[in-house]
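Next comes target.txt, a file with compact mmCIF, C-alpha atoms.
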# COMPACT_ATOMS: atom_id res chain seq x y z
CA MET A 1 -45.10 63.85 -16.57
CA ASN A 2 -43.07 60.75 -15.72
CA ASP A 3 -42.09 60.43 -12.09
CA TYR A 4 -38.43 59.40 -12.03
CA TYR A 5 -38.82 57.92 -8.54
CA GLU A 6 -41.76 55.84 -9.75
CA ILE A 7 -39.82 54.69 -12.81
CA LEU A 8 -36.99 53.43 -10.62
CA GLY A 9 -39.40 52.08 -8.02
CA VAL A 10 -37.88 53.94 -5.05
CA SER A 11 -39.23 56.39 -2.49
CA HIS A 12 -38.50 60.14 -2.65
CA ASP A 13 -36.14 59.86 0.32
CA ALA A 14 -34.15 56.92 -1.13
CA ASN A 15 -30.38 57.12 -0.73
CA GLN A 16 -27.83 56.65 -3.51
CA ASP A 17 -27.27 52.97 -2.76
CA GLU A 18 -30.99 52.25 -3.00
CA ILE A 19 -31.24 54.17 -6.28
CA LYS A 20 -28.26 52.36 -7.77
CA LYS A 21 -29.57 48.97 -6.63
CA ALA A 22 -33.01 49.67 -8.10
CA TYR A 23 -31.45 50.71 -11.42
CA ARG A 24 -29.32 47.57 -11.61
CA LYS A 25 -32.35 45.40 -10.97
CA LYS A 26 -34.57 47.04 -13.59
CA ALA A 27 -31.79 47.42 -16.16
CA ARG A 28 -31.43 43.66 -16.24
CA LEU A 29 -35.08 43.25 -17.09
CA LEU A 30 -35.52 46.12 -19.58
CA HIS A 31 -32.33 46.03 -21.63
CA PRO A 32 -33.33 45.53 -25.30
CA ASP A 33 -30.75 42.82 -25.81
CA TYR A 34 -32.73 40.67 -23.37
CA ALA A 35 -36.26 42.07 -23.25
CA GLY A 36 -36.53 42.78 -26.99
CA PRO A 37 -36.91 45.96 -29.06
CA GLU A 38 -40.27 46.81 -27.51
CA SER A 39 -38.51 47.68 -24.25
CA GLU A 40 -36.32 50.41 -25.77
CA ASP A 41 -38.51 53.32 -24.66
CA ALA A 42 -38.87 51.99 -21.12
CA PHE A 43 -35.12 51.46 -20.94
CA LYS A 44 -34.48 55.04 -22.12
CA ASP A 45 -36.81 56.41 -19.45
CA LEU A 46 -35.08 54.26 -16.82
CA SER A 47 -31.64 55.53 -17.87
CA VAL A 48 -32.75 59.17 -17.80
CA ALA A 49 -34.34 58.71 -14.38
CA TYR A 50 -31.17 57.14 -13.01
CA GLU A 51 -28.90 59.79 -14.57
CA THR A 52 -30.95 62.49 -12.89
CA LEU A 53 -31.43 60.98 -9.44
CA SER A 54 -27.86 59.66 -9.17
CA ASP A 55 -26.49 63.22 -9.53
CA PRO A 56 -27.13 65.20 -6.30
CA GLN A 57 -27.36 68.55 -8.13
CA LYS A 58 -29.67 67.25 -10.85
CA ARG A 59 -31.78 65.51 -8.26
CA GLN A 60 -32.17 68.70 -6.28
CA MET A 61 -33.21 70.63 -9.40
CA TYR A 62 -35.66 67.85 -10.34
CA ASP A 63 -37.17 67.84 -6.86
CA ILE A 64 -37.75 71.58 -7.10
CA GLY A 65 -39.01 72.01 -10.65
CA GLY A 66 -39.39 68.62 -12.23
CA PRO A 67 -37.84 67.65 -15.61
CA ASP A 68 -38.24 71.19 -16.99
CA ALA A 69 -35.87 72.53 -14.36
CA LEU A 70 -33.08 70.42 -15.86
CA HIS A 71 -33.29 72.28 -19.19
CA GLY A 72 -33.10 69.05 -21.09
CA GLY A 73 -30.04 67.92 -19.21
CA GLY A 74 -31.24 64.36 -19.01
CA GLY A 75 -32.00 63.27 -22.51
CA ALA A 76 -31.85 59.80 -23.84
CA GLY A 77 -28.13 59.79 -24.31
CA GLY A 78 -27.48 57.40 -21.46
CA ALA A 79 -26.07 57.54 -18.00
CA GLY A 80 -23.78 60.47 -17.37
CA GLY A 81 -21.95 61.81 -14.35
CA ASP A 82 -21.16 58.93 -12.00
CA ALA A 83 -23.62 56.55 -13.62
CA PHE A 84 -22.19 53.15 -14.36
CA GLY A 85 -22.15 51.72 -17.89
CA PHE A 86 -23.51 48.52 -19.34
CA ALA A 87 -20.37 46.64 -18.37
CA ASP A 88 -21.48 47.15 -14.76
CA ILE A 89 -24.92 45.79 -15.58
CA PHE A 90 -23.46 42.71 -17.22
CA GLU A 91 -21.03 42.25 -14.37
CA SER A 92 -23.91 42.20 -11.89
CA MET A 93 -25.77 39.76 -14.13
CA PHE A 94 -22.92 37.33 -14.71
CA GLY A 95 -20.93 37.69 -11.51
CA GLY A 96 -17.88 39.25 -13.12
CA GLY A 97 -17.34 36.23 -15.34
CA GLY A 98 -18.15 35.26 -18.87
CA GLY A 99 -17.44 37.67 -21.67
CA PHE A 100 -19.13 40.74 -20.25
CA ALA A 101 -17.16 41.72 -17.20
CA SER A 102 -13.67 43.15 -17.17
CA SER A 103 -10.89 40.60 -17.34
CA SER A 104 -9.01 39.70 -14.18
CA GLY A 105 -5.96 38.60 -16.15
CA PRO A 106 -4.79 35.41 -17.84
CA VAL A 107 -6.03 32.07 -16.51
CA PRO A 108 -3.19 30.06 -14.91
CA ARG A 109 -2.48 26.71 -16.52
CA ALA A 110 -1.72 25.08 -13.18
CA ARG A 111 -4.82 23.91 -11.32
CA ARG A 112 -5.38 21.83 -8.22
CA GLY A 113 -5.60 18.10 -8.82
CA GLN A 114 -8.56 15.94 -7.94
CA ASP A 115 -9.05 14.16 -4.63
CA GLN A 116 -8.75 10.38 -4.64
CA LEU A 117 -10.53 7.68 -2.64
CA LEU A 118 -8.83 4.33 -2.04
CA ALA A 119 -10.15 1.30 -0.14
CA VAL A 120 -7.58 -0.14 2.26
CA GLU A 121 -8.04 -3.53 3.92
CA ALA A 122 -7.06 -3.59 7.60
CA THR A 123 -6.93 -6.52 9.98
CA LEU A 124 -8.39 -6.41 13.47
CA GLU A 125 -4.86 -6.39 14.86
CA GLU A 126 -3.99 -3.31 12.76
CA GLU A 127 -7.12 -1.51 13.94
CA THR A 128 -6.32 -2.39 17.55
CA PHE A 129 -2.66 -1.41 17.67
CA GLY A 130 -2.22 0.80 14.60
CA ALA A 131 0.09 -0.02 11.73
CA LYS A 132 2.16 1.32 8.86
CA LYS A 133 1.15 -0.03 5.45
CA ASP A 134 2.43 0.32 1.92
CA ILE A 135 -0.37 0.97 -0.58
CA SER A 136 -0.28 1.20 -4.36
CA LEU A 137 -2.51 3.40 -6.49
CA ASP A 138 -2.77 4.81 -10.01
CA SER A 139 -2.46 8.58 -9.96
CA PHE A 140 -1.21 11.66 -11.81
CA VAL A 141 2.28 12.85 -10.89
CA VAL A 142 4.40 15.75 -12.15
CA CYS A 143 5.86 14.95 -15.56
CA ALA A 144 9.48 13.94 -15.07
CA ARG A 145 10.49 15.26 -18.49
CA CYS A 146 9.12 18.82 -18.33
CA GLY A 147 8.71 19.25 -14.57
CA GLY A 148 5.16 20.53 -15.02
CA SER A 149 6.05 23.30 -17.50
CA CYS A 150 4.11 21.49 -20.26
CA CYS A 151 6.91 22.43 -22.72
CA GLU A 152 9.54 20.28 -24.33
CA PRO A 153 12.80 20.78 -22.39
CA GLY A 154 14.72 23.82 -23.70
CA THR A 155 11.56 25.60 -24.88
CA HIS A 156 9.23 28.05 -23.19
CA PRO A 157 5.66 29.35 -23.66
CA THR A 158 5.37 32.39 -25.92
CA THR A 159 3.10 35.37 -25.48
CA CYS A 160 -0.16 34.97 -27.36
CA PRO A 161 -0.13 37.34 -30.38
CA THR A 162 -3.91 37.55 -30.43
CA CYS A 163 -4.50 38.90 -26.90
CA GLY A 164 -1.00 40.15 -26.15
CA GLY A 165 -0.77 38.00 -23.04
CA THR A 166 -3.92 39.33 -21.34
CA GLY A 167 -5.88 36.12 -21.89
CA SER A 168 -8.92 37.99 -23.21
CA VAL A 169 -10.00 39.97 -26.23
CA THR A 170 -12.08 43.14 -26.15
CA ARG A 171 -14.95 43.86 -28.50
CA ILE A 172 -16.87 47.12 -28.81
CA GLN A 173 -20.51 47.01 -29.81
CA ARG A 174 -22.76 49.96 -30.51
CA SER A 175 -26.03 50.23 -28.62
CA LEU A 176 -28.76 52.77 -28.08
CA LEU A 177 -26.79 54.30 -25.25
CA GLY A 178 -23.42 54.32 -26.93
CA ASN A 179 -20.56 51.86 -27.24
CA VAL A 180 -20.55 48.77 -25.04
CA ARG A 181 -17.22 47.10 -24.41
CA THR A 182 -17.21 43.38 -23.71
CA GLN A 183 -14.36 40.99 -22.99
CA THR A 184 -14.23 37.29 -23.82
CA PRO A 185 -11.54 34.63 -23.24
CA CYS A 186 -9.03 34.50 -26.04
CA GLN A 187 -9.72 31.48 -28.24
CA ALA A 188 -6.15 31.31 -29.53
CA CYS A 189 -4.61 30.65 -26.09
CA GLN A 190 -7.77 29.51 -24.23
CA GLY A 191 -7.41 32.44 -21.86
CA HIS A 192 -3.91 31.54 -20.64
CA GLY A 193 -2.15 34.46 -22.31
CA THR A 194 0.61 32.20 -23.63
CA ILE A 195 0.91 29.55 -26.32
CA ILE A 196 2.93 26.35 -26.06
CA SER A 197 4.46 25.83 -29.49
CA ASP A 198 6.40 22.68 -28.61
CA PRO A 199 4.47 20.57 -26.05
CA CYS A 200 6.33 18.02 -23.94
CA HIS A 201 6.52 14.69 -25.76
CA ASP A 202 5.93 12.60 -22.62
CA CYS A 203 2.83 14.35 -21.23
CA SER A 204 1.51 15.93 -24.45
CA GLY A 205 1.68 19.35 -22.88
CA GLU A 206 -0.37 18.48 -19.78
CA GLY A 207 2.50 18.81 -17.30
CA ARG A 208 1.65 15.51 -15.58
CA THR A 209 1.65 11.81 -16.33
CA ARG A 210 -0.36 8.91 -14.95
CA THR A 211 1.60 6.22 -13.18
CA ARG A 212 1.36 3.63 -10.42
CA ARG A 213 2.98 4.73 -7.20
CA THR A 214 3.47 3.27 -3.74
CA LEU A 215 2.86 5.22 -0.53
CA SER A 216 3.63 4.38 3.07
CA VAL A 217 0.67 5.34 5.25
CA ASP A 218 -0.16 5.10 8.93
CA ILE A 219 -3.30 3.28 10.11
CA PRO A 220 -4.26 5.01 13.38
CA VAL A 221 -5.21 3.05 16.47
CA GLY A 222 -8.96 2.55 16.75
CA VAL A 223 -10.08 3.08 13.15
CA ASP A 224 -13.24 1.18 12.32
CA ASN A 225 -14.78 -0.35 9.23
CA GLY A 226 -15.79 2.54 6.92
CA THR A 227 -13.55 5.12 8.60
CA ARG A 228 -12.02 7.59 6.13
CA ILE A 229 -8.51 8.92 6.69
CA ARG A 230 -7.60 12.18 4.92
CA LEU A 231 -4.04 12.58 3.67
CA SER A 232 -3.66 16.21 2.64
CA GLY A 233 -1.82 16.79 -0.64
CA ARG A 234 -1.34 13.07 -1.38
CA GLY A 235 -3.89 12.84 -4.20
CA GLU A 236 -3.55 13.59 -7.91
CA VAL A 237 -1.21 16.33 -9.13
CA GLY A 238 -3.12 18.99 -11.06
CA PRO A 239 -2.62 20.03 -14.71
CA ALA A 240 0.64 21.88 -15.43
CA GLY A 241 2.10 20.54 -12.20
CA GLY A 242 -0.61 22.16 -10.08
CA PRO A 243 -0.95 21.35 -6.37
CA ALA A 244 -2.07 17.84 -5.55
CA GLY A 245 -5.52 17.06 -4.20
CA ASP A 246 -6.15 15.03 -1.07
CA LEU A 247 -6.07 11.26 -0.71
CA TYR A 248 -8.81 9.56 1.33
CA LEU A 249 -8.28 6.06 2.65
CA GLU A 250 -11.48 4.14 3.44
CA ILE A 251 -10.89 1.32 5.91
CA HIS A 252 -12.38 -2.06 5.04
CA GLU A 253 -12.07 -4.40 8.03
CA LYS A 254 -10.91 -7.92 7.29
CA LYS A 255 -13.03 -10.56 9.01
CA HIS A 256 -11.31 -12.14 12.01
CA PRO A 257 -11.68 -15.92 12.51
CA ILE A 258 -12.30 -15.66 16.27
CA PHE A 259 -13.26 -12.15 17.36
CA THR A 260 -16.14 -9.87 16.39
CA ARG A 261 -15.86 -6.13 16.93
CA ARG A 262 -18.67 -4.02 18.41
CA GLY A 263 -17.49 -0.46 18.86
CA ASP A 264 -14.19 -0.75 20.69
CA ASP A 265 -15.13 -4.02 22.44
CA LEU A 266 -14.29 -7.46 21.13
CA HIS A 267 -16.53 -10.52 21.48
CA THR A 268 -15.83 -14.23 21.21
CA TRP A 269 -17.82 -17.38 22.03
CA ILE A 270 -16.67 -20.57 23.75
CA SER A 271 -18.40 -23.91 24.18
CA VAL A 272 -18.25 -25.47 27.67
CA PRO A 273 -19.32 -29.08 28.36
CA MET A 274 -22.22 -29.46 30.77
CA SER A 275 -20.06 -31.08 33.43
CA THR A 276 -17.38 -28.38 33.11
CA ALA A 277 -20.01 -25.68 33.41
CA ALA A 278 -21.17 -27.27 36.65
CA LEU A 279 -17.68 -27.76 38.07
CA GLY A 280 -15.91 -24.69 36.68
CA THR A 281 -12.51 -24.56 34.98
CA VAL A 282 -9.55 -22.40 33.99
CA PHE A 283 -8.27 -22.34 30.40
CA GLN A 284 -5.92 -20.35 28.15
CA LEU A 285 -7.53 -18.05 25.54
CA GLN A 286 -5.43 -16.73 22.68
CA THR A 287 -6.21 -13.00 22.52
CA LEU A 288 -4.78 -10.23 20.32
CA ASP A 289 -2.29 -9.63 23.15
CA GLY A 290 -1.27 -13.26 23.42
CA ALA A 291 -2.49 -16.06 25.69
CA ARG A 292 -4.59 -15.00 28.69
CA GLU A 293 -5.99 -17.12 31.53
CA VAL A 294 -9.79 -17.22 31.67
CA THR A 295 -11.66 -18.53 34.72
CA ILE A 296 -15.05 -20.18 34.24
CA ASN A 297 -16.79 -20.21 37.58
CA ALA A 298 -18.67 -23.29 38.71
CA GLY A 299 -22.33 -23.12 37.79
CA VAL A 300 -21.87 -20.85 34.79
CA GLN A 301 -25.09 -20.54 32.81
CA PRO A 302 -25.72 -20.39 29.07
CA GLN A 303 -25.34 -16.80 27.74
CA ASP A 304 -23.20 -15.78 30.72
CA GLU A 305 -20.03 -13.91 29.81
CA VAL A 306 -16.57 -13.29 31.22
CA VAL A 307 -15.18 -9.79 30.67
CA LEU A 308 -11.44 -9.26 30.23
CA ASN A 309 -10.77 -5.58 30.70
CA ASP A 310 -8.54 -3.56 28.35
CA LEU A 311 -8.10 -6.35 25.82
CA GLY A 312 -10.34 -4.76 23.16
CA VAL A 313 -9.57 -2.23 20.42
CA GLY A 314 -7.74 0.99 21.21
CA HIS A 315 -9.91 4.11 21.38
CA LEU A 316 -9.39 6.37 18.37
CA GLN A 317 -9.48 9.71 20.21
CA ARG A 318 -9.52 9.39 23.98
CA GLY A 319 -6.86 6.69 24.49
CA GLY A 320 -7.20 3.43 26.40
CA ARG A 321 -8.84 0.29 25.08
CA GLY A 322 -12.15 -1.50 25.06
CA ASP A 323 -12.85 -4.87 26.70
CA LEU A 324 -12.91 -8.47 25.53
CA HIS A 325 -16.21 -10.28 26.18
CA VAL A 326 -16.07 -14.08 26.35
CA HIS A 327 -19.58 -15.50 25.84
CA VAL A 328 -20.29 -18.96 27.29
CA ASP A 329 -22.29 -21.59 25.46
CA VAL A 330 -23.04 -24.70 27.59
CA GLU A 331 -23.08 -27.91 25.57
CA ILE A 332 -25.90 -30.34 26.40
CA PRO A 333 -25.20 -33.87 25.12
CA ARG A 334 -27.75 -35.12 22.62
CA LYS A 335 -26.96 -38.82 23.17
CA LEU A 336 -25.86 -40.64 26.34
CA ASP A 337 -24.44 -44.08 26.86
CA GLN A 338 -26.01 -46.26 29.52
CA ARG A 339 -23.48 -45.48 32.23
CA SER A 340 -23.69 -41.70 31.66
CA ARG A 341 -27.44 -41.85 31.81
CA GLU A 342 -27.35 -43.78 35.09
CA LEU A 343 -24.98 -41.25 36.64
CA LEU A 344 -27.10 -38.28 35.50
CA GLU A 345 -30.26 -39.92 36.79
CA GLU A 346 -28.57 -40.50 40.13
CA LEU A 347 -27.43 -36.85 40.24
CA ALA A 348 -30.90 -35.65 39.35
CA SER A 349 -32.38 -37.77 42.10
CA ILE A 350 -29.94 -36.40 44.64
CA ARG A 351 -30.69 -32.81 43.62
CA GLY A 352 -34.39 -33.38 43.33
CA GLU A 353 -34.37 -32.27 39.71
CA THR A 354 -37.07 -34.54 38.44
CA ARG A 355 -39.83 -31.95 38.02
CA VAL A 356 -40.37 -29.45 35.20
CA GLU A 357 -42.23 -26.30 36.22
CA PRO A 358 -43.38 -23.39 34.05
CA ARG A 359 -41.76 -20.01 34.67
CA ARG A 360 -42.40 -16.48 33.53
CA GLY A 361 -40.25 -15.50 30.57
CA ASP A 362 -40.46 -11.76 31.14
CA GLN A 363 -38.69 -11.63 34.49
CA SER A 364 -36.48 -8.67 35.13
CA MET A 365 -32.79 -9.02 35.92
CA PHE A 366 -33.50 -8.39 39.61
CA GLU A 367 -36.23 -11.06 39.70
CA ARG A 368 -33.93 -13.62 38.14
CA LEU A 369 -31.17 -12.69 40.59
CA ARG A 370 -33.61 -13.05 43.51
CA ASP A 371 -34.74 -16.48 42.34
CA LYS A 372 -31.14 -17.62 41.94
CA LEU A 373 -30.21 -16.46 45.45
CA THR A 374 -33.27 -18.06 47.04
CA GLY A 375 -32.92 -21.27 45.06
CA GLN A 376 -36.28 -20.89 43.37

Would you mind writing the file's structure down as structure tokens?
Amino acid sequence: MNDYYEILGVSHDANQDEIKKAYRKKARLLHPDYAGPESEDAFKDLSVAYETLSDPQKRQMYDIGGPDALHGGGGAGGAGGDAFGFADIFESMFGGGGGFASSSGPVPRARRGQDQLLAVEATLEEETFGAKKDISLDSFVVCARCGGSCCEPGTHPTTCPTCGGTGSVTRIQRSLLGNVRTQTPCQACQGHGTIISDPCHDCSGEGRTRTRRTLSVDIPVGVDNGTRIRLSGRGEVGPAGGPAGDLYLEIHEKKHPIFTRRGDDLHTWISVPMSTAALGTVFQLQTLDGAREVTINAGVQPQDEVVLNDLGVGHLQRGGRGDLHVHVDVEIPRKLDQRSRELLEELASIRGETRVEPRRGDQSMFERLRDKLTGQ
């Protein structure tokens, strides 16, 4: 005697959900259309087992007296009572799509358009202070002639005579367990339920045309090279005048002739003559905010820097601005005339700078500061 619980692969105390789930799983594997004719008997047994155990009264009778207690009520005729048909099996196999599951109605012609990505060149000044720019791009827009209807003006879509406007056609196939009804997209209307007899002459029935358009966009303060700005609904219009996708602007920073950006700080380098480095000076530096006075203290050393606060790039999120770092490069003359040499030799003699002594190159910042303060 076949054990219906064993056939379904469930325990004797399984609930209805477990029984139904087990049947769905095995039905996928044993259906003759997929497993071949040799699985017909096993599929019949599976269907009888499910028909019996899915009915509370039949299950109770089976538990008491086995198959004989049902008086042949099961049979191989397929799932009865509240058993689900093959359409349910196919729906679970194909996720409600394809040609097996029930139709959810005609497919709309209008669909969302694609997103677009556009490279936008921005200067350092625009990144620092923000800017409004006009950009041009090739993109799909709603057809001006038909307004996205896809039809020649004065005409309208007509109901598909093949599917009657449902977008799908139903076919009935006979199987071992009876008739199986399947639904597939209508080929005459491509599942839309309507037919366009007179497509728009400008867009060929697509409801959109490709053109070059100009947009005015804002460049936010603080954007950096590679930053992407999302403009919702500013991308391509979809087919049949569907909603537009998004437009992404990717910032490409234009190289500045003087300043280099590191994060939100700006850096520049100046060359200072040896004598000026020793004596100190004040000069005017042209910054992004205009001319600013920069003080070079006497005795400035190579690789020293002067920091000008709040003259860098604006912060993208938290407000405020970075700093401007002025790096000092001390120029040492490669050639000296006789008089210059005499003066330098005299200065060296006065300062006692005639000796060259080795020094550790791995000194810490504090050790170098100590040596400078003690004159070592």

Taking into account all atoms listed in the file, which residue in the set A:Gln57, A:Ser47, A:Gln116, A:Thr209 is nearest to A:Leu137?
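Closest to A:Leu137, using all atoms listed in the file: A:Gln116.
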
Polymer residues at most 6 Å from A:Val328, all atoms listed in the file, same-chain spacing of 4 or more positions, as JSON, numbers by chain
{"A": [270, 302, 303, 304, 305]}

Considering only C-alpha atoms, state which residue in the set A:Arg321, A:Arg212, A:Arg24, A:Lys254 is at the smallest distance from A:Gly226.
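Ranked by minimum distance to A:Gly226, first place goes to A:Lys254.
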
Figure out the distance between atom CA of A:Asp115 and atom CA of A:Gly205, please, to one decimal in Å.
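According to the coordinates, atom CA of A:Gly205 and atom CA of A:Asp115 are separated by 21.8 Å.
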
How many Å lie between atom CA of A:Lys20 and atom CA of A:Asp63, rounded to one decimal?
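That distance, rounded to one decimal, is 17.9 Å.
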
Which residue, A:Glu6, A:Glu126, A:Glu250, A:Asp45, has the smallest gap to A:Val313 when you use all atoms listed in the file?
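Between A:Glu6, A:Glu126, A:Glu250, A:Asp45, the residue approaching A:Val313 most closely is A:Glu126.
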
Applying 10 Å and all atoms listed in the file, which residues near A:Val169 remain after dropping the ones on its own chain fewer than 5 positions away? List them as a VMD selection string.
chain A and resid 99 103 162 to 164 182 to 187 191

Any chance you could tabulate, as a Markdown table, the residues of stretch 121-201 of chain A at most 9 Å from stretch 287-294 of chain A with each one's nearest atom pair and distance in Å to one decimal, using only C-alpha atoms, in chain and rising number order?
| residue | atom | partner | partner_atom | distance |
| --- | --- | --- | --- | --- |
| A:Leu124 | CA | A:Leu288 | CA | 8.6 |
| A:Glu125 | CA | A:Leu288 | CA | 6.7 |
| A:Thr128 | CA | A:Leu288 | CA | 8.5 |

Selection: 12 Å around stretch 142-145 of chain A, all atoms listed in the file, excl. self and same-chain fewer than 2 positions, as JSON, numbers by chain
{"A": [110, 113, 139, 140, 147, 148, 149, 150, 151, 152, 153, 154, 199, 200, 201, 202, 203, 204, 205, 206, 207, 208, 209, 210, 211, 235, 236, 237, 238, 239, 240, 241, 242, 243, 244]}

Store the residues picked out above, limited to C-alpha atoms, as a CSV table (one decimal), in the coordinates of the input.
chain,number,residue,atom,x,y,z
A,110,ALA,CA,-1.7,25.1,-13.2
A,113,GLY,CA,-5.6,18.1,-8.8
A,139,SER,CA,-2.5,8.6,-10.0
A,140,PHE,CA,-1.2,11.7,-11.8
A,147,GLY,CA,8.7,19.2,-14.6
A,148,GLY,CA,5.2,20.5,-15.0
A,149,SER,CA,6.0,23.3,-17.5
A,150,CYS,CA,4.1,21.5,-20.3
A,151,CYS,CA,6.9,22.4,-22.7
A,152,GLU,CA,9.5,20.3,-24.3
A,153,PRO,CA,12.8,20.8,-22.4
A,154,GLY,CA,14.7,23.8,-23.7
A,199,PRO,CA,4.5,20.6,-26.0
A,200,CYS,CA,6.3,18.0,-23.9
A,201,HIS,CA,6.5,14.7,-25.8
A,202,ASP,CA,5.9,12.6,-22.6
A,203,CYS,CA,2.8,14.4,-21.2
A,204,SER,CA,1.5,15.9,-24.4
A,205,GLY,CA,1.7,19.4,-22.9
A,206,GLU,CA,-0.4,18.5,-19.8
A,207,GLY,CA,2.5,18.8,-17.3
A,208,ARG,CA,1.6,15.5,-15.6
A,209,THR,CA,1.6,11.8,-16.3
A,210,ARG,CA,-0.4,8.9,-15.0
A,211,THR,CA,1.6,6.2,-13.2
A,235,GLY,CA,-3.9,12.8,-4.2
A,236,GLU,CA,-3.6,13.6,-7.9
A,237,VAL,CA,-1.2,16.3,-9.1
A,238,GLY,CA,-3.1,19.0,-11.1
A,239,PRO,CA,-2.6,20.0,-14.7
A,240,ALA,CA,0.6,21.9,-15.4
A,241,GLY,CA,2.1,20.5,-12.2
A,242,GLY,CA,-0.6,22.2,-10.1
A,243,PRO,CA,-1.0,21.4,-6.4
A,244,ALA,CA,-2.1,17.8,-5.6

One-decimal distance in Å that lies between atom CA of A:Pro37 and atom CA of A:Val10
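Pair atom CA of A:Val10 / atom CA of A:Pro37 returns 25.3 Å.
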
Around all of stretch 154-172 of chain A's listed atoms, make the axis-aligned box with 3 Å on each side and tell me centre and edge lengths in Å to one decimal, as JSON.
{"center_x": -1.1, "center_y": 35.5, "center_z": -25.9, "size_x": 37.6, "size_y": 29.3, "size_z": 15.1}

Please identify all polymer residues within 9 Å of A:Ile172, counting all atoms listed in the file, omitting same-chain residues fewer than 2 positions from it, and present them as an mmCIF file with C-alpha atoms, keeping the file's coordinate frame.
data_model
loop_
_atom_site.group_PDB
_atom_site.id
_atom_site.type_symbol
_atom_site.label_atom_id
_atom_site.label_comp_id
_atom_site.auth_asym_id
_atom_site.auth_seq_id
_atom_site.Cartn_x
_atom_site.Cartn_y
_atom_site.Cartn_z
ATOM 1 C CA THR A 170 -12.080 43.140 -26.150
ATOM 2 C CA ARG A 174 -22.760 49.960 -30.510
ATOM 3 C CA ASN A 179 -20.560 51.860 -27.240
ATOM 4 C CA VAL A 180 -20.550 48.770 -25.040
ATOM 5 C CA ARG A 181 -17.220 47.100 -24.410
ATOM 6 C CA THR A 182 -17.210 43.380 -23.710
ATOM 7 C CA GLN A 183 -14.360 40.990 -22.990
#

Around (-40.2, 65.8, -11.7), as given in the file, which residues come within 7 Å? Count all atoms listed in the file and list them as a PDB file with C-alpha atoms, in the frame of the given file.
ATOM      1  CA  ASP A   3     -42.090  60.430 -12.090  1.00  0.00           C
ATOM      2  CA  TYR A   4     -38.430  59.400 -12.030  1.00  0.00           C
ATOM      3  CA  TYR A  62     -35.660  67.850 -10.340  1.00  0.00           C
ATOM      4  CA  ASP A  63     -37.170  67.840  -6.860  1.00  0.00           C
ATOM      5  CA  GLY A  65     -39.010  72.010 -10.650  1.00  0.00           C
ATOM      6  CA  GLY A  66     -39.390  68.620 -12.230  1.00  0.00           C
ATOM      7  CA  PRO A  67     -37.840  67.650 -15.610  1.00  0.00           C
TER       8      PRO A  67
END

Which residue of A:Pro220, A:Gly36, A:Gly280, A:Pro273 approaches A:Ile332 most closely, using only C-alpha atoms
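Using only C-alpha atoms, the shortest distance to A:Ile332 belongs to A:Pro273.
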
Distance query A:Tyr23 at most 8 Å, only C-alpha atoms, self and fewer than 3 positions along chain excluded, as a list in words:
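In the requested form, the answer reads Leu8, Ile19, Lys20, Lys26, Ala27, Leu46 and Tyr50 of chain A.
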
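For the choices A:Ile258, A:Ala277, A:Val107, A:Leu343, the atom-to-atom distance to A:Gly193 is smallest for A:Val107 when using only C-alpha atoms.
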
Pick from A:Asp138, A:Glu346, A:Asp17, A:Asp310 nearest to A:Asp264, counting all atoms listed in the file
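Among the listed residues, A:Asp310 lies closest to A:Asp264.
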